[in-house]
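Asker: Here you go, run_4.cif (mmCIF, C-alpha atoms):
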```
data_target
#
loop_
_atom_site.label_atom_id
_atom_site.label_comp_id
_atom_site.auth_asym_id
_atom_site.auth_seq_id
_atom_site.Cartn_x
_atom_site.Cartn_y
_atom_site.Cartn_z
CA MET A 361 103.37 96.20 102.76
CA SER A 362 106.87 96.99 103.86
CA LYS A 363 107.83 100.66 104.06
CA ILE A 364 110.65 101.87 101.86
CA ARG A 365 112.85 104.93 102.46
CA LEU A 366 115.31 106.02 99.77
CA GLN A 367 117.85 108.82 100.08
CA HIS A 368 118.83 110.66 96.89
CA THR A 369 122.54 110.01 96.24
CA GLU A 370 123.46 113.65 95.60
CA LEU A 371 120.61 115.90 96.70
CA PRO A 372 118.82 116.41 100.06
CA TYR A 373 115.69 114.44 99.09
CA ILE A 374 114.02 111.34 100.46
CA LEU A 375 111.35 109.13 98.89
CA THR A 376 109.26 107.01 101.22
CA THR A 377 106.22 104.75 101.18
CA ASP A 378 105.54 105.53 104.84
CA PHE A 379 102.07 107.08 104.55
CA GLU A 380 102.12 108.12 108.20
CA SER A 381 104.84 110.66 107.36
CA PHE A 382 102.81 112.33 104.60
CA GLU A 383 101.74 115.93 105.09
CA MET A 384 98.18 115.34 103.91
CA ASP A 385 97.03 118.94 104.24
CA ARG A 386 99.77 119.93 101.79
CA VAL A 387 99.05 116.97 99.50
CA HIS A 388 95.36 117.82 99.59
CA ARG A 389 96.05 121.45 98.65
CA TRP A 390 98.10 120.32 95.65
CA LEU A 391 95.67 117.71 94.40
CA SER A 392 92.42 119.56 95.11
CA ARG A 393 93.53 123.03 93.93
CA GLU A 394 96.51 122.72 91.60
CA ALA A 395 96.18 119.35 89.83
CA TYR A 396 93.86 119.39 86.81
CA TRP A 397 92.71 115.79 87.34
CA SER A 398 91.40 115.97 90.91
CA THR A 399 90.07 119.49 91.41
CA GLY A 400 87.88 119.65 94.50
CA ILE A 401 88.66 116.18 95.82
CA PRO A 402 87.68 116.01 99.51
CA LEU A 403 90.45 115.26 102.01
CA SER A 404 88.64 112.14 103.29
CA ILE A 405 88.47 110.66 99.77
CA LEU A 406 92.11 111.53 99.10
CA LYS A 407 93.26 109.85 102.32
CA ARG A 408 91.28 106.72 101.49
CA ALA A 409 92.78 106.64 97.99
CA PHE A 410 96.34 106.79 99.34
CA GLU A 411 95.64 104.30 102.14
CA ASN A 412 94.48 101.76 99.55
CA SER A 413 97.45 102.22 97.22
CA ILE A 414 101.21 102.04 97.45
CA PRO A 415 101.93 105.66 98.40
CA PHE A 416 105.11 107.51 97.48
CA GLY A 417 106.05 110.71 99.27
CA LEU A 418 108.93 112.91 98.14
CA PHE A 419 110.50 115.02 100.89
CA HIS A 420 113.17 117.70 101.12
CA GLU A 421 115.27 117.02 104.23
CA LYS A 422 114.52 120.49 105.68
CA ASN A 423 111.42 121.75 103.86
CA GLY A 424 109.10 118.75 104.24
CA GLN A 425 106.99 117.10 101.60
CA ILE A 426 107.49 118.39 98.09
CA GLY A 427 105.93 115.64 95.97
CA VAL A 428 103.65 112.64 95.88
CA ALA A 429 102.48 109.71 93.75
CA ARG A 430 100.58 106.49 94.30
CA MET A 431 100.28 103.15 92.58
CA VAL A 432 96.92 101.40 92.61
CA THR A 433 97.70 97.71 92.24
CA ASP A 434 96.88 94.10 92.97
CA LYS A 435 100.67 93.51 93.19
CA ALA A 436 100.39 90.53 90.86
CA THR A 437 99.19 91.52 87.38
CA PHE A 438 98.12 95.16 87.20
CA ALA A 439 98.98 98.66 88.40
CA TYR A 440 97.76 102.17 87.71
CA LEU A 441 99.99 105.15 88.44
CA ALA A 442 98.05 108.11 89.82
CA ASP A 443 98.37 111.49 91.49
CA VAL A 444 101.97 112.18 90.46
CA PHE A 445 102.67 115.73 91.60
CA ILE A 446 105.75 117.78 92.47
CA ASP A 447 105.49 121.22 94.03
CA GLU A 448 106.14 123.87 91.40
CA VAL A 449 109.16 125.27 93.29
CA TYR A 450 110.96 121.90 92.95
CA ARG A 451 110.19 121.14 89.31
CA GLY A 452 112.96 120.99 86.71
CA MET A 453 115.49 119.41 89.07
CA GLY A 454 115.17 115.81 87.88
CA LEU A 455 113.12 114.79 90.91
CA ALA A 456 110.20 113.43 88.88
CA LYS A 457 112.63 111.18 87.00
CA TRP A 458 114.19 109.97 90.26
CA MET A 459 110.75 109.37 91.77
CA MET A 460 109.64 107.42 88.68
CA GLU A 461 112.83 105.31 88.70
CA SER A 462 112.15 104.46 92.33
CA ILE A 463 108.48 103.67 91.72
CA MET A 464 109.16 101.48 88.69
CA THR A 465 111.79 99.45 90.58
CA HIS A 466 109.69 99.02 93.74
CA PRO A 467 109.83 95.32 94.70
CA GLU A 468 106.04 94.91 94.88
CA LEU A 469 105.60 96.28 91.35
CA GLN A 470 107.80 93.78 89.52
CA GLY A 471 106.45 91.16 87.09
CA LEU A 472 103.18 92.97 86.39
CA ARG A 473 101.47 92.24 83.10
CA ARG A 474 100.12 95.78 82.67
CA THR A 475 100.90 99.18 84.20
CA MET A 476 98.85 102.17 83.11
CA LEU A 477 98.50 105.87 83.70
CA ALA A 478 96.70 108.89 82.28
CA THR A 479 98.42 112.20 81.54
CA SER A 480 97.75 115.35 79.56
CA ASP A 481 101.21 116.86 79.74
CA MET A 482 104.01 114.54 80.91
CA HIS A 483 104.24 112.00 78.08
CA SER A 484 107.97 112.55 77.57
CA LEU A 485 108.74 111.66 81.19
CA TYR A 486 106.66 108.49 81.20
CA ARG A 487 107.98 107.28 77.84
CA LYS A 488 111.44 107.10 79.45
CA PHE A 489 110.03 104.31 81.63
CA GLY A 490 108.44 102.30 78.85
CA PHE A 491 104.94 103.78 78.77
CA GLU A 492 103.42 104.06 75.30
CA ASP A 493 100.31 105.71 73.88
CA VAL A 494 97.33 103.37 73.86
CA GLY A 495 96.10 104.88 70.60
CA GLU A 496 92.66 104.14 69.30
CA SER A 497 92.15 101.07 71.41
CA GLU A 498 89.18 98.81 70.96
CA ILE A 499 90.05 96.82 74.07
CA LEU A 500 90.26 99.59 76.67
CA MET A 501 87.10 101.17 78.04
CA GLU A 502 86.45 103.63 80.83
CA ILE A 503 83.87 105.43 82.90
CA VAL A 504 84.92 109.03 83.53
CA LYS A 505 83.14 111.41 85.89
CA PRO A 506 85.34 114.54 85.89
CA ASP A 507 82.98 116.61 88.03
CA ILE A 508 82.09 113.93 90.59
CA TYR A 509 83.43 115.91 93.57
CA LYS A 510 81.29 118.94 92.66
CA GLY A 511 78.14 116.84 92.54
CA LEU A 512 78.75 114.76 95.63
CA TYR A 513 80.67 117.13 97.86
CA GLY A 514 80.23 120.63 96.39
#
```
Just give me the structure of the file as structure tokens.

Answerer:
Amino acid sequence: MSKIRLQHTELPYILTTDFESFEMDRVHRWLSREAYWSTGIPLSILKRAFENSIPFGLFHEKNGQIGVARMVTDKATFAYLADVFIDEVYRGMGLAKWMMESIMTHPELQGLRRTMLATSDMHSLYRKFGFEDVGESEILMEIVKPDIYKGLYG
């Protein structure tokens, strides 16, 4: 996978897929303590998840990492957007929209038959990029273990 580095055209922000530049202690704090979907996730599991995805890190030029996302994909037919998070201090500035524009135009994510995500609160953002509610689907199924990290690592 080639690493991508994008500079915001007007603001002092950078988006990169260079996982080596990620501040994983900060990312872990966000996703294990502040994100409702991954409470308690161990750092080792989080690192492995990002290493096996296309990672996106959002950075302020002076203040370091301020956001993150990852795309789980086979790069041919399917992708699943996960762990989209922007530090609370930087919300409301249009950075999530810029990050999503950059993710959705990433060269390795073009021509996919299906891209999915799960959200409880950001539907309006994702609809801007073509995501739609699945509704009462009879074709989609899932296994959900919301407390898995408590049982295995708690």

Asker: Tell me which residues the PyMOL selection byres ((chain A and resi 427-432) around 7) grabs here, as an mmCIF file with C-alpha atoms, keeping the file's coordinate frame.

Answerer:
```cif
data_model
loop_
_atom_site.group_PDB
_atom_site.id
_atom_site.type_symbol
_atom_site.label_atom_id
_atom_site.label_comp_id
_atom_site.auth_asym_id
_atom_site.auth_seq_id
_atom_site.Cartn_x
_atom_site.Cartn_y
_atom_site.Cartn_z
ATOM 1 C CA PHE A 410 96.340 106.790 99.340
ATOM 2 C CA SER A 413 97.450 102.220 97.220
ATOM 3 C CA ILE A 414 101.210 102.040 97.450
ATOM 4 C CA PRO A 415 101.930 105.660 98.400
ATOM 5 C CA PHE A 416 105.110 107.510 97.480
ATOM 6 C CA GLY A 417 106.050 110.710 99.270
ATOM 7 C CA LEU A 418 108.930 112.910 98.140
ATOM 8 C CA PHE A 419 110.500 115.020 100.890
ATOM 9 C CA GLN A 425 106.990 117.100 101.600
ATOM 10 C CA ILE A 426 107.490 118.390 98.090
ATOM 11 C CA THR A 433 97.700 97.710 92.240
ATOM 12 C CA ALA A 439 98.980 98.660 88.400
ATOM 13 C CA TYR A 440 97.760 102.170 87.710
ATOM 14 C CA LEU A 441 99.990 105.150 88.440
ATOM 15 C CA ALA A 442 98.050 108.110 89.820
ATOM 16 C CA ASP A 443 98.370 111.490 91.490
ATOM 17 C CA VAL A 444 101.970 112.180 90.460
ATOM 18 C CA PHE A 445 102.670 115.730 91.600
ATOM 19 C CA ILE A 446 105.750 117.780 92.470
ATOM 20 C CA ASP A 447 105.490 121.220 94.030
#
```

Asker: Report, in Å to a single decimal, how far apart atom CA of Met476 of chain A and atom CA of Glu496 of chain A are.

Answerer: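 Taking atom CA of Glu496 of chain A as the start and atom CA of Met476 of chain A as the end point, the length is 15.3 Å.
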
Asker: Here's the selection I'm unsure about, the PyMOL selection byres ((chain A and resi 374) around 10); applied to the file above, which residues does it give, as a PyMOL selection string?

Answerer: chain A and resi 365-369+371-373+375-376+417-421+424-426+459

Asker: Please write the residues from the selection above to a file, keeping C-alpha atoms, as an mmCIF file, keeping the file's coordinate frame.

Answerer:
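Saved to again-v8.cif:
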```cif
data_model
loop_
_atom_site.group_PDB
_atom_site.id
_atom_site.type_symbol
_atom_site.label_atom_id
_atom_site.label_comp_id
_atom_site.auth_asym_id
_atom_site.auth_seq_id
_atom_site.Cartn_x
_atom_site.Cartn_y
_atom_site.Cartn_z
ATOM 1 C CA ARG A 365 112.850 104.930 102.460
ATOM 2 C CA LEU A 366 115.310 106.020 99.770
ATOM 3 C CA GLN A 367 117.850 108.820 100.080
ATOM 4 C CA HIS A 368 118.830 110.660 96.890
ATOM 5 C CA THR A 369 122.540 110.010 96.240
ATOM 6 C CA LEU A 371 120.610 115.900 96.700
ATOM 7 C CA PRO A 372 118.820 116.410 100.060
ATOM 8 C CA TYR A 373 115.690 114.440 99.090
ATOM 9 C CA LEU A 375 111.350 109.130 98.890
ATOM 10 C CA THR A 376 109.260 107.010 101.220
ATOM 11 C CA GLY A 417 106.050 110.710 99.270
ATOM 12 C CA LEU A 418 108.930 112.910 98.140
ATOM 13 C CA PHE A 419 110.500 115.020 100.890
ATOM 14 C CA HIS A 420 113.170 117.700 101.120
ATOM 15 C CA GLU A 421 115.270 117.020 104.230
ATOM 16 C CA GLY A 424 109.100 118.750 104.240
ATOM 17 C CA GLN A 425 106.990 117.100 101.600
ATOM 18 C CA ILE A 426 107.490 118.390 98.090
ATOM 19 C CA MET A 459 110.750 109.370 91.770
#
```

Asker: Name the residues captured by the PyMOL selection byres ((chain A and resi 435-438) around 7) when it is applied to the shown file; answer as a ChimeraX atom specification.

Answerer: /A:433-434,439,468-469,472-475

Asker: Just how far from atom CA of Glu411 of chain A is atom CA of Ser362 of chain A, in Å to one decimal?

Answerer: 13.5 Å

Asker: I'd like the interatomic distance between atom CA of Trp458 of chain A and atom CA of Arg386 of chain A, to a tenth of an Å.

Answerer: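 Interatomic distance, atom CA of Trp458 of chain A to atom CA of Arg386 of chain A: 21.0 Å.
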
Asker: Residues within 7 Å of Asp378 of chain A, please, as a short mmCIF file (atom, residue, chain, number, x, y, z; two decimals) with C-alpha atoms, in the coordinates of the input. Count all atoms listed in the file; anything in the same chain fewer than 2 positions from it doesn't count.

Answerer:
```
data_model
loop_
_atom_site.label_atom_id
_atom_site.label_comp_id
_atom_site.auth_asym_id
_atom_site.auth_seq_id
_atom_site.Cartn_x
_atom_site.Cartn_y
_atom_site.Cartn_z
CA LYS A 363 107.83 100.66 104.06
CA ILE A 364 110.65 101.87 101.86
CA THR A 376 109.26 107.01 101.22
CA GLU A 380 102.12 108.12 108.20
CA SER A 381 104.84 110.66 107.36
#
```

Asker: Here's a test: counting only C-alpha atoms, identify every protein, DNA and RNA residue with an atom at most 6 Å from (85.3, 116.1, 94.9) in the file's coordinate frame, and state them as a list of chain:residue names.

Answerer: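 In the file's frame, the residues around the point are A:Gly400, A:Ile401, A:Pro402, A:Ile508, A:Tyr509, A:Lys510, A:Tyr513.
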
Asker: Go through A:Pro506, A:Val387, A:Leu485, A:Glu394 one by one, measure the shortest atom-to-atom distance of each to Leu455 of chain A using only C-alpha atoms, and give the residue with the smallest value.

Answerer: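 Among the listed residues, A:Leu485 lies closest to Leu455 of chain A.
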
Asker: Specify the axis-aligned box that encloses all atoms of segment 464-474 of chain A listed in the file after padding of 5 Å on each side, stating its centre and edge lengths in Å to one decimal as lines of an AutoDock Vina configuration file.

Answerer:
```
center_x = 106.0
center_y = 96.3
center_z = 88.8
size_x = 21.7
size_y = 20.3
size_z = 22.2
```

Asker: Taking only C-alpha atoms into account, name the residue in A:Phe379, A:Met460, A:Pro467, A:Asn423 that is nearest to Gly490 of chain A.

Answerer: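 Under the stated criterion, the closest residue is A:Met460.
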